[in-house]
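J.: Okay, so here is run32.txt, and as you'll see once you scroll down, it has compact mmCIF, C-alpha atoms.
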```txt
# COMPACT_ATOMS: atom_id res chain seq x y z
CA MET C 1 -12.68 -24.84 -42.21
CA ARG C 2 -15.22 -22.04 -41.83
CA ARG C 3 -17.71 -24.37 -40.20
CA LEU C 4 -15.03 -25.58 -37.81
CA LEU C 5 -14.19 -22.01 -36.80
CA LEU C 6 -17.86 -21.14 -36.35
CA ALA C 7 -18.40 -24.21 -34.23
CA THR C 8 -15.30 -23.38 -32.12
CA SER C 9 -16.47 -19.84 -31.46
CA ALA C 10 -19.96 -21.06 -30.58
CA VAL C 11 -18.50 -23.56 -28.09
CA VAL C 12 -16.25 -20.88 -26.56
CA LEU C 13 -19.22 -18.53 -26.17
CA LEU C 14 -21.33 -21.25 -24.59
CA LEU C 15 -18.55 -22.24 -22.19
CA LEU C 16 -18.02 -18.63 -21.12
CA LEU C 17 -21.75 -18.18 -20.52
CA VAL C 18 -21.86 -21.30 -18.34
CA VAL C 19 -18.75 -20.25 -16.36
CA SER C 20 -20.01 -16.70 -15.78
CA THR C 21 -23.43 -17.97 -14.62
CA ARG C 22 -21.76 -20.31 -12.13
CA SER C 23 -19.45 -17.62 -10.77
CA ILE C 24 -22.41 -15.34 -10.06
CA ASN C 25 -24.22 -18.02 -8.04
CA PRO C 26 -21.66 -20.53 -6.81
CA ALA C 27 -22.80 -23.76 -5.20
CA ALA C 28 -26.44 -22.80 -4.71
CA PRO C 29 -28.16 -25.80 -3.13
CA GLU C 30 -31.29 -26.85 -4.98
CA ASP C 31 -32.48 -29.91 -3.04
CA SER C 32 -34.10 -28.17 -0.09
CA GLN C 33 -36.15 -24.98 0.26
CA ALA C 34 -34.88 -24.44 3.86
CA VAL C 35 -31.23 -24.55 2.80
CA HIS C 36 -31.87 -22.58 -0.39
CA GLN C 37 -33.27 -19.47 1.35
CA PRO C 38 -30.18 -18.38 3.42
CA ALA C 39 -27.92 -19.00 0.45
CA VAL C 40 -30.02 -16.62 -1.63
CA GLN C 41 -29.91 -14.05 1.19
CA ASP C 42 -26.12 -14.44 1.51
CA ASN C 43 -25.70 -13.92 -2.18
CA THR C 44 -27.96 -10.87 -2.11
CA SER C 45 -26.06 -9.28 0.78
CA LEU C 46 -22.71 -10.12 -0.87
CA ARG C 47 -23.85 -8.50 -4.10
CA THR C 48 -25.13 -5.46 -2.19
CA LEU C 49 -21.77 -5.16 -0.43
CA GLN C 50 -19.85 -5.56 -3.68
CA ALA C 51 -21.98 -2.88 -5.32
CA ARG C 52 -21.51 -0.54 -2.33
CA TYR C 53 -17.74 -1.12 -2.36
CA LYS C 54 -17.56 -0.37 -6.09
CA THR C 55 -19.69 2.76 -5.74
CA LEU C 56 -17.53 4.08 -2.88
CA SER C 57 -14.31 3.27 -4.77
CA LYS C 58 -15.66 5.20 -7.74
CA GLN C 59 -16.73 8.14 -5.56
CA LEU C 60 -13.23 8.28 -4.04
CA SER C 61 -11.57 8.19 -7.45
CA GLN C 62 -13.82 11.05 -8.56
CA LEU C 63 -12.31 13.27 -5.84
CA MET C 64 -8.83 12.87 -7.35
CA PRO C 65 -7.71 15.83 -9.48
CA ARG C 66 -8.33 15.28 -13.19
CA GLU C 67 -5.88 18.00 -14.21
CA PRO C 68 -2.17 18.20 -13.31
CA TYR C 69 -1.37 18.76 -9.65
CA ILE C 70 1.82 19.60 -7.77
CA LEU C 71 3.16 17.18 -5.16
CA VAL C 72 5.89 18.28 -2.74
CA ASP C 73 7.83 15.85 -0.52
CA THR C 74 9.44 18.11 2.10
CA ALA C 75 11.39 15.27 3.73
CA ARG C 76 13.24 14.37 0.54
CA ASN C 77 13.04 17.86 -1.03
CA ARG C 78 11.35 16.79 -4.26
CA LEU C 79 8.64 18.47 -6.29
CA TYR C 80 6.59 16.55 -8.83
CA VAL C 81 3.94 17.66 -11.27
CA LYS C 82 1.62 14.70 -11.76
CA ARG C 83 -1.30 14.03 -14.08
CA GLN C 84 -3.19 11.22 -12.33
CA ASP C 85 -0.50 8.49 -11.99
CA GLU C 86 1.86 9.96 -14.58
CA VAL C 87 4.83 12.05 -13.39
CA VAL C 88 5.03 15.00 -15.78
CA LEU C 89 7.88 16.81 -14.00
CA ASN C 90 10.31 15.62 -11.33
CA ALA C 91 12.45 18.30 -9.69
CA ILE C 92 14.90 18.68 -6.83
CA ALA C 93 13.64 21.41 -4.49
CA SER C 94 14.57 23.15 -1.28
CA THR C 95 11.92 23.37 1.42
CA GLY C 96 11.58 24.75 4.96
CA SER C 97 14.54 24.48 7.34
CA GLY C 98 12.42 23.95 10.47
CA THR C 99 14.59 26.45 12.34
CA ILE C 100 13.19 29.11 14.69
CA LEU C 101 13.85 32.80 15.14
CA ASP C 102 12.79 34.83 18.17
CA LYS C 103 10.59 37.87 17.48
CA PRO C 104 12.34 40.86 19.07
CA GLY C 105 10.38 42.51 21.86
CA GLU C 106 7.85 39.68 22.00
CA SER C 107 8.70 37.14 24.64
CA LYS C 108 7.72 33.56 23.78
CA SER C 109 6.88 34.55 20.22
CA GLN C 110 8.83 33.02 17.37
CA TRP C 111 8.89 32.46 13.64
CA ILE C 112 9.04 28.77 12.68
CA PHE C 113 10.45 28.24 9.20
CA ASP C 114 8.48 25.19 8.11
CA THR C 115 6.93 24.57 4.70
CA PRO C 116 3.23 24.17 5.48
CA ARG C 117 1.85 20.64 5.04
CA GLY C 118 -1.56 19.83 3.54
CA GLU C 119 -3.46 20.77 0.40
CA PHE C 120 -3.24 24.23 -1.14
CA LEU C 121 -4.07 25.87 -4.45
CA VAL C 122 -1.96 28.00 -6.76
CA LYS C 123 -3.39 31.45 -6.03
CA THR C 124 -1.08 33.68 -8.06
CA LYS C 125 1.30 33.29 -10.99
CA LEU C 126 3.90 36.01 -11.25
CA ALA C 127 6.56 36.65 -13.90
CA ASN C 128 9.71 38.58 -12.87
CA PRO C 129 8.59 38.72 -9.24
CA THR C 130 9.92 41.23 -6.73
CA TRP C 131 10.62 39.98 -3.21
CA ILE C 132 9.09 42.20 -0.57
CA LYS C 133 11.35 41.26 2.32
CA PRO C 134 9.41 40.46 5.48
CA ASP C 135 10.55 41.51 8.98
CA TRP C 136 12.30 38.19 9.70
CA ALA C 137 14.63 38.64 6.71
CA PHE C 138 16.09 41.78 8.32
CA ILE C 139 16.11 40.44 11.87
CA GLU C 140 17.83 37.23 10.78
CA GLU C 141 20.64 39.32 9.27
CA GLY C 142 20.89 41.39 12.44
CA LEU C 143 19.55 44.49 10.68
CA ALA C 144 16.89 46.98 11.71
CA VAL C 145 13.47 46.59 10.08
CA PRO C 146 13.07 49.53 7.63
CA GLN C 147 10.18 51.94 8.07
CA ASN C 148 10.09 52.75 4.38
CA ALA C 149 8.28 50.02 2.36
CA ALA C 150 10.42 50.71 -0.71
CA GLU C 151 13.49 49.51 1.19
CA ARG C 152 11.95 46.04 1.42
CA ALA C 153 11.76 45.45 -2.33
CA GLU C 154 14.47 43.26 -3.82
CA GLN C 155 14.67 42.28 -7.51
CA GLY C 156 16.06 39.11 -9.02
CA VAL C 157 16.29 36.88 -5.95
CA LEU C 158 13.11 34.87 -6.63
CA GLY C 159 14.04 33.86 -10.19
CA ASP C 160 11.91 34.39 -13.30
CA TYR C 161 8.59 33.19 -11.87
CA ALA C 162 6.75 32.76 -8.57
CA LEU C 163 3.61 30.77 -7.82
CA GLY C 164 1.91 31.90 -4.62
CA PHE C 165 -0.08 29.42 -2.54
CA GLY C 166 -1.17 31.65 0.34
CA LYS C 167 0.09 33.29 3.54
CA GLY C 168 3.23 34.57 1.78
CA TYR C 169 4.42 31.13 0.64
CA PHE C 170 5.68 30.76 -2.94
CA ILE C 171 7.24 28.26 -5.30
CA HIS C 172 10.08 30.33 -6.76
CA GLY C 173 13.62 30.28 -8.14
CA THR C 174 16.90 30.65 -6.31
CA LEU C 175 20.38 32.06 -6.61
CA TYR C 176 21.63 29.29 -4.30
CA THR C 177 21.25 26.26 -6.58
CA ARG C 178 23.95 24.35 -4.63
CA LEU C 179 21.48 24.17 -1.74
CA LEU C 180 18.76 22.43 -3.79
CA GLY C 181 17.87 19.11 -2.18
CA LYS C 182 18.32 20.54 1.32
CA ASN C 183 15.92 21.94 3.90
CA VAL C 184 17.18 25.51 3.93
CA THR C 185 14.26 27.85 3.16
CA HIS C 186 11.99 29.95 5.34
CA GLY C 187 9.00 27.91 4.18
CA CYS C 188 8.92 28.66 0.45
CA ILE C 189 9.74 26.01 -2.14
CA ARG C 190 12.80 26.76 -4.30
CA LEU C 191 13.52 25.26 -7.73
CA ASN C 192 16.16 25.73 -10.39
CA ASP C 193 15.33 27.96 -13.39
CA SER C 194 14.33 25.25 -15.88
CA ASP C 195 12.13 23.28 -13.42
CA LEU C 196 10.52 26.53 -12.28
CA LYS C 197 9.68 27.40 -15.88
CA GLY C 198 8.19 23.90 -16.36
CA VAL C 199 6.00 24.21 -13.25
CA TYR C 200 4.94 27.73 -14.28
CA GLN C 201 3.86 26.45 -17.70
CA LEU C 202 2.04 23.36 -16.39
CA ALA C 203 0.22 24.99 -13.46
CA ARG C 204 -2.64 27.44 -13.64
CA VAL C 205 -4.37 29.47 -10.94
CA GLY C 206 -6.38 26.82 -9.05
CA THR C 207 -3.93 23.92 -9.56
CA PRO C 208 -3.83 21.84 -6.35
CA ILE C 209 -0.56 21.62 -4.41
CA MET C 210 -0.25 18.62 -2.06
CA ILE C 211 2.55 19.01 0.47
CA PHE C 212 3.62 16.33 2.93
CA MET L 1 -15.79 -15.15 -42.31
CA MET L 2 -12.56 -16.09 -40.57
CA LYS L 3 -12.00 -12.46 -39.68
CA LEU L 4 -15.49 -12.29 -38.22
CA CYS L 5 -14.80 -15.34 -36.05
CA ALA L 6 -11.48 -13.92 -34.90
CA ILE L 7 -13.17 -10.61 -33.97
CA LEU L 8 -15.93 -12.53 -32.14
CA ILE L 9 -13.42 -14.52 -30.07
CA LEU L 10 -11.37 -11.39 -29.33
CA PHE L 11 -14.56 -9.58 -28.29
CA VAL L 12 -15.53 -12.35 -25.87
CA PHE L 13 -12.10 -12.50 -24.23
CA THR L 14 -11.66 -8.75 -23.84
CA MET L 15 -15.23 -8.16 -22.59
CA PRO L 16 -14.45 -8.59 -18.84
CA SER L 17 -11.81 -5.83 -18.92
CA TRP L 18 -14.22 -3.29 -20.39
CA GLY L 19 -15.41 -0.52 -18.14
CA LYS L 20 -13.10 -1.66 -15.35
CA GLU L 21 -14.04 0.28 -12.25
CA PRO L 22 -11.39 1.83 -9.98
CA GLU L 23 -10.83 -0.29 -6.89
CA ALA L 24 -9.64 1.30 -3.66
CA PHE L 25 -8.15 -1.94 -2.30
CA PRO L 26 -6.79 -4.15 -5.09
CA ASP L 27 -5.91 -6.86 -2.51
CA LEU L 28 -9.56 -7.26 -1.48
CA LYS L 29 -11.28 -10.54 -2.39
CA LEU L 30 -14.77 -9.63 -3.56
CA SER L 31 -16.13 -12.91 -2.17
CA ASP L 32 -14.96 -12.05 1.39
CA VAL L 33 -18.02 -10.60 3.15
CA GLN L 34 -16.18 -9.43 6.28
CA GLY L 35 -13.36 -7.96 4.21
CA LEU L 36 -15.93 -6.10 2.07
CA LYS L 37 -17.69 -4.75 5.16
CA GLU L 38 -14.40 -3.42 6.54
CA ALA L 39 -13.33 -1.98 3.17
CA THR L 40 -16.67 -0.14 2.74
CA ARG L 41 -16.43 1.22 6.31
CA VAL L 42 -12.91 2.53 5.61
CA LEU L 43 -14.01 4.00 2.27
CA GLU L 44 -16.94 5.78 3.95
CA GLU L 45 -14.49 7.36 6.44
CA GLU L 46 -11.99 8.14 3.71
CA LEU L 47 -14.60 9.85 1.54
CA LYS L 48 -15.30 12.31 4.37
CA LEU L 49 -11.58 13.11 4.64
CA ALA L 50 -10.85 13.21 0.91
CA ALA L 51 -13.71 15.66 0.34
CA ARG L 52 -11.73 18.36 2.18
CA PRO L 53 -8.40 20.04 1.32
CA GLN L 54 -6.18 18.15 3.75
CA THR L 55 -3.76 15.27 3.99
CA TYR L 56 -4.58 12.23 6.12
CA VAL L 57 -3.13 8.85 7.06
CA LEU L 58 -4.49 5.44 6.14
CA ILE L 59 -2.99 2.60 8.17
CA ASP L 60 -3.80 -0.47 6.13
CA LEU L 61 -3.16 -3.47 8.37
CA VAL L 62 -4.41 -5.82 5.63
CA GLY L 63 -2.14 -4.44 2.93
CA SER L 64 0.65 -3.77 5.51
CA THR L 65 1.16 -0.15 4.49
CA ILE L 66 0.93 3.31 5.99
CA GLN L 67 -0.21 5.82 3.39
CA ILE L 68 -0.14 9.59 3.50
CA LYS L 69 -3.11 10.56 1.34
CA GLY L 70 -4.89 13.61 0.00
CA ARG L 71 -8.07 13.65 -2.13
CA GLY L 72 -7.91 9.85 -2.20
CA ILE L 73 -4.46 9.93 -3.83
CA GLY L 74 -1.64 7.98 -2.19
CA LEU L 75 1.07 10.64 -1.77
CA HIS L 76 3.57 8.50 0.10
CA GLN L 77 3.63 4.89 1.18
CA ILE L 78 5.51 3.19 4.00
CA PRO L 79 5.58 -0.61 4.35
CA ILE L 80 4.69 -2.13 7.74
CA ILE L 81 7.01 -4.96 8.71
CA ARG L 82 4.97 -6.19 11.70
CA TRP L 83 2.08 -4.98 13.75
CA SER L 84 0.16 -5.94 16.85
CA GLY L 85 -2.90 -4.41 18.43
CA GLU L 86 -5.43 -4.55 21.20
CA SER L 87 -9.11 -3.52 21.33
CA ARG L 88 -9.43 -3.84 17.59
CA ASN L 89 -13.07 -2.77 17.65
CA GLU L 90 -12.02 0.63 19.03
CA LEU L 91 -9.62 1.19 16.13
CA LYS L 92 -12.48 2.02 13.76
CA GLY L 93 -13.60 5.57 13.03
CA ILE L 94 -11.55 8.69 12.35
CA HIS L 95 -8.87 9.46 14.93
CA LYS L 96 -7.14 12.82 15.16
CA LEU L 97 -3.46 13.06 16.07
CA VAL L 98 -3.11 15.04 19.31
CA ALA L 99 0.48 14.31 20.33
CA ARG L 100 3.47 13.38 18.20
CA PRO L 101 7.20 13.21 18.82
CA SER L 102 8.83 16.54 19.54
CA VAL L 103 11.67 17.75 17.34
CA VAL L 104 14.64 19.69 18.65
CA ARG L 105 14.61 22.78 16.43
CA ARG L 106 17.73 24.85 15.99
CA LYS L 107 17.45 28.51 16.85
CA ILE L 108 18.79 31.11 14.43
CA ASP L 109 21.39 33.43 15.89
CA PRO L 110 20.68 36.81 14.20
CA GLY L 111 23.62 38.21 12.33
CA ALA L 112 25.79 35.16 13.01
CA ALA L 113 28.35 34.42 10.34
CA GLY L 114 28.17 31.15 8.43
CA GLU L 115 25.31 28.84 7.57
CA GLN L 116 23.17 27.43 10.35
CA GLU L 117 22.32 23.75 10.23
CA PRO L 118 18.73 23.03 9.22
CA ILE L 119 16.81 20.06 10.57
CA SER L 120 16.77 16.97 8.39
CA LEU L 121 15.24 13.50 8.36
CA ALA L 122 18.20 12.27 10.41
CA ASP L 123 17.05 14.52 13.28
CA MET L 124 13.68 12.81 13.47
CA PRO L 125 13.03 10.10 16.06
CA ALA L 126 12.61 6.51 14.91
CA ASP L 127 11.04 5.17 18.11
CA TYR L 128 8.00 7.11 19.36
CA VAL L 129 4.39 7.13 20.53
CA LEU L 130 1.49 8.89 18.80
CA SER L 131 -1.59 9.80 20.83
CA CYS L 132 -4.95 10.28 19.20
CA SER L 133 -8.48 11.44 19.95
CA PRO L 134 -10.77 9.47 20.45
CA PRO L 135 -8.22 7.74 22.67
CA MET L 136 -5.83 5.52 20.78
CA THR L 137 -2.09 5.02 21.08
CA ILE L 138 0.16 4.12 18.19
CA VAL L 139 3.63 2.94 19.11
CA VAL L 140 6.12 3.18 16.25
CA VAL L 141 9.08 0.85 16.62
CA PRO L 142 12.02 0.78 14.21
CA SER L 143 13.07 -2.54 12.81
CA THR L 144 16.76 -3.27 13.09
CA ALA L 145 18.59 -5.78 10.95
CA GLY L 146 19.64 -7.96 13.86
CA GLU L 147 16.76 -7.45 16.25
CA THR L 148 18.30 -8.25 19.62
CA LEU L 149 16.81 -9.49 22.86
CA LEU L 150 17.40 -6.01 24.21
CA ARG L 151 15.17 -4.52 21.52
CA GLY L 152 12.48 -7.12 22.27
CA ALA L 153 12.67 -6.27 25.96
CA ALA L 154 12.39 -2.56 25.16
CA ILE L 155 9.23 -3.17 23.12
CA LEU L 156 7.69 -5.27 25.88
CA GLY L 157 8.69 -2.63 28.43
CA LYS L 158 7.03 0.11 26.39
CA SER L 159 3.81 -1.87 26.16
CA TRP L 160 3.93 -2.67 29.89
CA TRP L 161 4.59 1.01 30.73
CA HIS L 162 1.57 2.00 28.64
CA HIS L 163 -0.64 -0.31 30.75
CA VAL L 164 0.85 0.94 34.05
CA GLN L 165 0.28 4.57 33.03
CA HIS L 166 -3.32 3.81 32.20
CA TRP L 167 -3.89 1.93 35.44
CA ALA L 168 -2.26 4.74 37.47
CA SER L 169 -4.37 7.45 35.83
CA SER L 170 -7.53 5.45 36.52
CA LEU L 171 -6.63 5.35 40.23
CA PHE L 172 -6.81 9.16 40.53
CA THR L 173 -9.85 9.79 38.37
CA ASP L 174 -13.44 8.63 38.45
CA VAL L 175 -13.12 7.37 34.92
CA PRO L 176 -13.58 3.61 34.81
CA SER L 177 -10.51 1.71 33.72
CA THR L 178 -11.15 0.86 30.08
CA PRO L 179 -7.98 0.13 28.15
CA THR L 180 -6.91 2.64 25.52
CA PRO L 181 -6.83 1.03 22.08
CA HIS L 182 -3.26 0.32 21.28
CA LEU L 183 -1.50 -0.37 18.01
CA GLN L 184 2.16 -1.16 17.61
CA LEU L 185 3.76 -0.75 14.19
CA THR L 186 7.23 -2.02 13.35
CA ILE L 187 8.68 -0.24 10.33
CA ALA L 188 12.18 0.38 8.95
CA ALA L 189 14.09 3.02 10.94
CA ASP L 190 14.32 5.48 8.02
CA HIS L 191 10.62 5.00 7.31
CA ALA L 192 9.83 5.69 10.97
CA GLN L 193 11.78 8.96 10.70
CA SER L 194 10.00 9.79 7.45
CA LEU L 195 6.62 9.15 9.10
CA ALA L 196 7.54 11.35 12.08
CA TRP L 197 8.43 14.11 9.62
CA SER L 198 5.19 13.82 7.63
CA LEU L 199 2.76 13.86 10.56
CA VAL L 200 1.20 17.15 11.64
CA ASP L 201 -0.95 18.00 14.64
CA GLY L 202 -4.63 17.29 14.13
CA MET L 203 -3.97 14.96 11.19
CA ALA L 204 -6.75 12.41 10.67
CA ILE L 205 -5.96 8.70 10.85
CA VAL L 206 -8.10 5.85 9.50
CA ILE L 207 -7.26 2.19 10.09
CA ARG L 208 -8.22 -0.74 7.88
CA ARG L 209 -8.41 -3.73 10.20
CA PRO L 210 -7.95 -7.36 9.23
CA THR L 211 -11.03 -9.54 9.55
CA ASP L 212 -10.71 -12.71 11.55
CA LYS L 213 -12.15 -15.64 9.67
```
Before anything else, please render the file you have as structure tokens.
T.:
Amino acid sequence: MRRLLLATSAVVLLLLLVVSTRSINPAAPEDSQAVHQPAVQDNTSLRTLQARYKTLSKQLSQLMPREPYILVDTARNRLYVKRQDEVVLNAIASTGSGTILDKPGESKSQWIFDTPRGEFLVKTKLANPTWIKPDWAFIEEGLAVPQNAAERAEQGVLGDYALGFGKGYFIHGTLYTRLLGKNVTHGCIRLNDSDLKGVYQLARVGTPIMIF
Amino acid sequence: MMKLCAILILFVFTMPSWGKEPEAFPDLKLSDVQGLKEATRVLEEELKLAARPQTYVLIDLVGSTIQIKGRGIGLHQIPIIRWSGESRNELKGIHKLVARPSVVRRKIDPGAAGEQEPISLADMPADYVLSCSPPMTIVVVPSTAGETLLRGAAILGKSWWHHVQHWASSLFTDVPSTPTPHLQLTIAADHAQSLAWSLVDGMAIVIRRPTDK
């Protein structure tokens, strides 16, 4: 029985060796030197190409984030935290409305309320953030822009956390949870309280944010 | 002894899957020289784009997909139903999007009562032309369930109009009349709207072309 098994494994090994040798150099003609030469060259260039393709594929995969990253789909208003191919968190979000607002006193100048598209990094992580209302927030409501900076501060509207990704854009909470899943914001990304907490815990300063 | 044999056989059969390298194009046959050449060219272009913090588009005519990518990661994928193209040699390289469909944006009325309608995917066009630099035109056509003769005529008309425009512009300039590379992509209407939404000015586009055997 043992001998039979040994013999079987030896035959399997031998067969595999023969098959792998053939697949490396398929149908190499041996009868003529003139025919043999181009075939060798073809095989060499094929192997060079295969090696180049594998090297480039590897280089591309090395550019992919190794740590969790945030992915935002502004068309479908979804936010994901992904670790390579694994979805760690899947949340309904609200992103930019795409609407425009004229800047008073500046002809042909407008605010466009889009969520920026591209790659960004988490730059700040804030707990219990205060919203410093920008000019457009007052103008949109038909109010005068206050001269006193203290009048711009508003507590509690951004939720428990805010993750800044530059130029005044944040991932933050919302009081208007019924609007999640819709394009209603001024460019920021809104989440409900539990998803926001999850993102805050998973992300660190430097976490990539891919927005499309 | 039997255990040893079993381990030996298991070892031999699992050996090929060890150290499996990541492959950018799983559909690529590694024995296809022309396919390999095209895949390595695309990868070389893609590496330049993925090295920077940006999103870009890969139009894979072999795999019949349009991919929004960043850092080599496929962020969103749109299937291509049909495609046709001219001047395939000119489709290689990195093209930058210079003109895309315009969107009618709603203007906020300050102090107005009630909620103002935001734009949504439904507001995006499904039938449009993208212009790129170096010169290349991508015509996006929505697929409809019962594609009528009228739709076919519209597609032909669009292609014909593209040629007439090019011919007319060459009449008034000293630039010799070389045809602008042209690619027509037929995708589902909702996917066409989604693509129009995802594209931004200056976005880089790379095309993986099929190899004629």
J.: Please tabulate, as a tab-separated table, the residues of chain L that come within 7 Å of chain C, each with its closest pair of atoms and the distance in Å to one decimal, counting all atoms listed in the file and ordering rows by chain, then residue number upward.
T.:
```
residue	atom	partner	partner_atom	distance
L:Met1	CA	C:Arg2	CA	6.9
L:Met2	CA	C:Arg2	CA	6.6
L:Cys5	CA	C:Leu6	CA	6.6
L:Ile9	CA	C:Ser9	CA	6.3
L:Glu21	CA	C:Lys58	CA	6.9
L:Pro22	CA	C:Lys58	CA	5.9
L:Glu23	CA	C:Ser57	CA	5.4
L:Ala24	CA	C:Ser57	CA	5.2
L:Leu30	CA	C:Gln50	CA	6.5
L:Val33	CA	C:Leu46	CA	6.2
L:Leu36	CA	C:Leu49	CA	6.4
L:Lys37	CA	C:Leu49	CA	6.9
L:Thr40	CA	C:Tyr53	CA	5.3
L:Leu43	CA	C:Leu56	CA	6.2
L:Leu47	CA	C:Leu60	CA	6.0
L:Ala50	CA	C:Leu63	CA	6.9
L:Ala51	CA	C:Leu63	CA	6.8
L:Pro53	CA	C:Glu119	CA	5.1
L:Gln54	CA	C:Gly118	CA	4.9
L:Thr55	CA	C:Gly118	CA	5.1
L:Arg71	CA	C:Met64	CA	5.3
L:Gly72	CA	C:Leu60	CA	5.8
L:Ile73	CA	C:Met64	CA	6.3
L:Arg105	CA	C:Thr99	CA	5.5
L:Arg106	CA	C:Thr99	CA	5.1
L:Lys107	CA	C:Ile100	CA	4.8
L:Ile108	CA	C:Leu101	CA	5.3
L:Pro110	CA	C:Glu140	CA	4.5
L:Gly111	CA	C:Gly142	CA	4.2
L:Pro118	CA	C:Ser97	CA	4.8
L:Ile119	CA	C:Gly98	CA	5.9
L:Ser120	CA	C:Asn183	CA	6.8
L:Leu121	CA	C:Ala75	CA	6.3
L:Ser194	CA	C:Ala75	CA	6.8
L:Trp197	CA	C:Ala75	CA	6.7
L:Ser198	CA	C:Phe212	CA	5.6
```
J.: Pick the closest to His76 (chain L) from L:Val139, L:Glu45, L:Ser102, L:Leu199: which is it, counting all atoms listed in the file?
T.: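 Going through L:Val139, L:Glu45, L:Ser102, L:Leu199 one by one, the smallest distance to His76 (chain L) is for L:Leu199.
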J.: Using only C-alpha atoms, give me every residue within 10 Å of (4.9, 22.5, -16.6) in file coordinates, as a ChimeraX atom specification.
T.: /C:68,70,80-82,88-89,194-204
J.: For a test of reading the model, state the distance in Å between CA of Val205 (chain C) and CA of Tyr169 (chain C), rounded to one decimal.
T.: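 Spanning CA of Val205 (chain C) to CA of Tyr169 (chain C) is a straight-line distance of 14.6 Å.
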J.: Identify which of the residues L:Tyr56, L:Pro101, L:Val141, L:Ile187 lies closest to Leu75 (chain L), counting all atoms listed in the file when measuring atom-to-atom distances.
T.: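 When distances to Leu75 (chain L) are compared using all atoms listed in the file, the smallest one comes from L:Tyr56.
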J.: Could you tell me how far CA of Leu183 (chain L) lies from CA of Arg209 (chain L), in Å and to one decimal?
T.: 11.0 Å
J.: Which neighbours of region 81-97 of chain L fall inside 8 Å, counting all atoms listed in the file, when residues of the same chain fewer than 2 positions from it are skipped, and could you give them as number ranges by chain?
T.: L: 45, 61, 64, 79, 99-100, 130-136, 143, 179-188, 200-209
J.: Restrict the selected residues to C-alpha atoms and save them as a PDB file, keeping the file's coordinate frame.
T.:
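Saved to selection_13.pdb:
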```pdb
ATOM      1  CA  GLU L  45     -14.490   7.360   6.440  1.00  0.00           C
ATOM      2  CA  LEU L  61      -3.160  -3.470   8.370  1.00  0.00           C
ATOM      3  CA  SER L  64       0.650  -3.770   5.510  1.00  0.00           C
ATOM      4  CA  PRO L  79       5.580  -0.610   4.350  1.00  0.00           C
ATOM      5  CA  ALA L  99       0.480  14.310  20.330  1.00  0.00           C
ATOM      6  CA  ARG L 100       3.470  13.380  18.200  1.00  0.00           C
ATOM      7  CA  LEU L 130       1.490   8.890  18.800  1.00  0.00           C
ATOM      8  CA  SER L 131      -1.590   9.800  20.830  1.00  0.00           C
ATOM      9  CA  CYS L 132      -4.950  10.280  19.200  1.00  0.00           C
ATOM     10  CA  SER L 133      -8.480  11.440  19.950  1.00  0.00           C
ATOM     11  CA  PRO L 134     -10.770   9.470  20.450  1.00  0.00           C
ATOM     12  CA  PRO L 135      -8.220   7.740  22.670  1.00  0.00           C
ATOM     13  CA  MET L 136      -5.830   5.520  20.780  1.00  0.00           C
ATOM     14  CA  SER L 143      13.070  -2.540  12.810  1.00  0.00           C
ATOM     15  CA  PRO L 179      -7.980   0.130  28.150  1.00  0.00           C
ATOM     16  CA  THR L 180      -6.910   2.640  25.520  1.00  0.00           C
ATOM     17  CA  PRO L 181      -6.830   1.030  22.080  1.00  0.00           C
ATOM     18  CA  HIS L 182      -3.260   0.320  21.280  1.00  0.00           C
ATOM     19  CA  LEU L 183      -1.500  -0.370  18.010  1.00  0.00           C
ATOM     20  CA  GLN L 184       2.160  -1.160  17.610  1.00  0.00           C
ATOM     21  CA  LEU L 185       3.760  -0.750  14.190  1.00  0.00           C
ATOM     22  CA  THR L 186       7.230  -2.020  13.350  1.00  0.00           C
ATOM     23  CA  ILE L 187       8.680  -0.240  10.330  1.00  0.00           C
ATOM     24  CA  ALA L 188      12.180   0.380   8.950  1.00  0.00           C
ATOM     25  CA  VAL L 200       1.200  17.150  11.640  1.00  0.00           C
ATOM     26  CA  ASP L 201      -0.950  18.000  14.640  1.00  0.00           C
ATOM     27  CA  GLY L 202      -4.630  17.290  14.130  1.00  0.00           C
ATOM     28  CA  MET L 203      -3.970  14.960  11.190  1.00  0.00           C
ATOM     29  CA  ALA L 204      -6.750  12.410  10.670  1.00  0.00           C
ATOM     30  CA  ILE L 205      -5.960   8.700  10.850  1.00  0.00           C
ATOM     31  CA  VAL L 206      -8.100   5.850   9.500  1.00  0.00           C
ATOM     32  CA  ILE L 207      -7.260   2.190  10.090  1.00  0.00           C
ATOM     33  CA  ARG L 208      -8.220  -0.740   7.880  1.00  0.00           C
ATOM     34  CA  ARG L 209      -8.410  -3.730  10.200  1.00  0.00           C
TER      35      ARG L 209
END
```
J.: Report, in Å to a single decimal, how far apart CA of Pro125 (chain L) and CA of Ile189 (chain C) are.
T.: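 We find that CA of Ile189 (chain C) and CA of Pro125 (chain L) lie 24.4 Å from each other.
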J.: Considering all atoms listed in the file, can you say which of C:Leu126, C:Val157, C:Gly187, C:Thr207 comes closest to Asp114 (chain C)?
T.: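 Of C:Leu126, C:Val157, C:Gly187, C:Thr207, the one nearest Asp114 (chain C) is C:Gly187, counting all atoms listed in the file.
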J.: Can you sort out the box for region 99-117 of chain C, edges along x, y and z, all listed atoms in, 3 Å on every side, with centre and edge lengths in Å to one decimal, as lines of an AutoDock Vina configuration file?
T.:
```
center_x = 8.2
center_y = 31.6
center_z = 14.7
size_x = 18.7
size_y = 27.9
size_z = 25.9
```
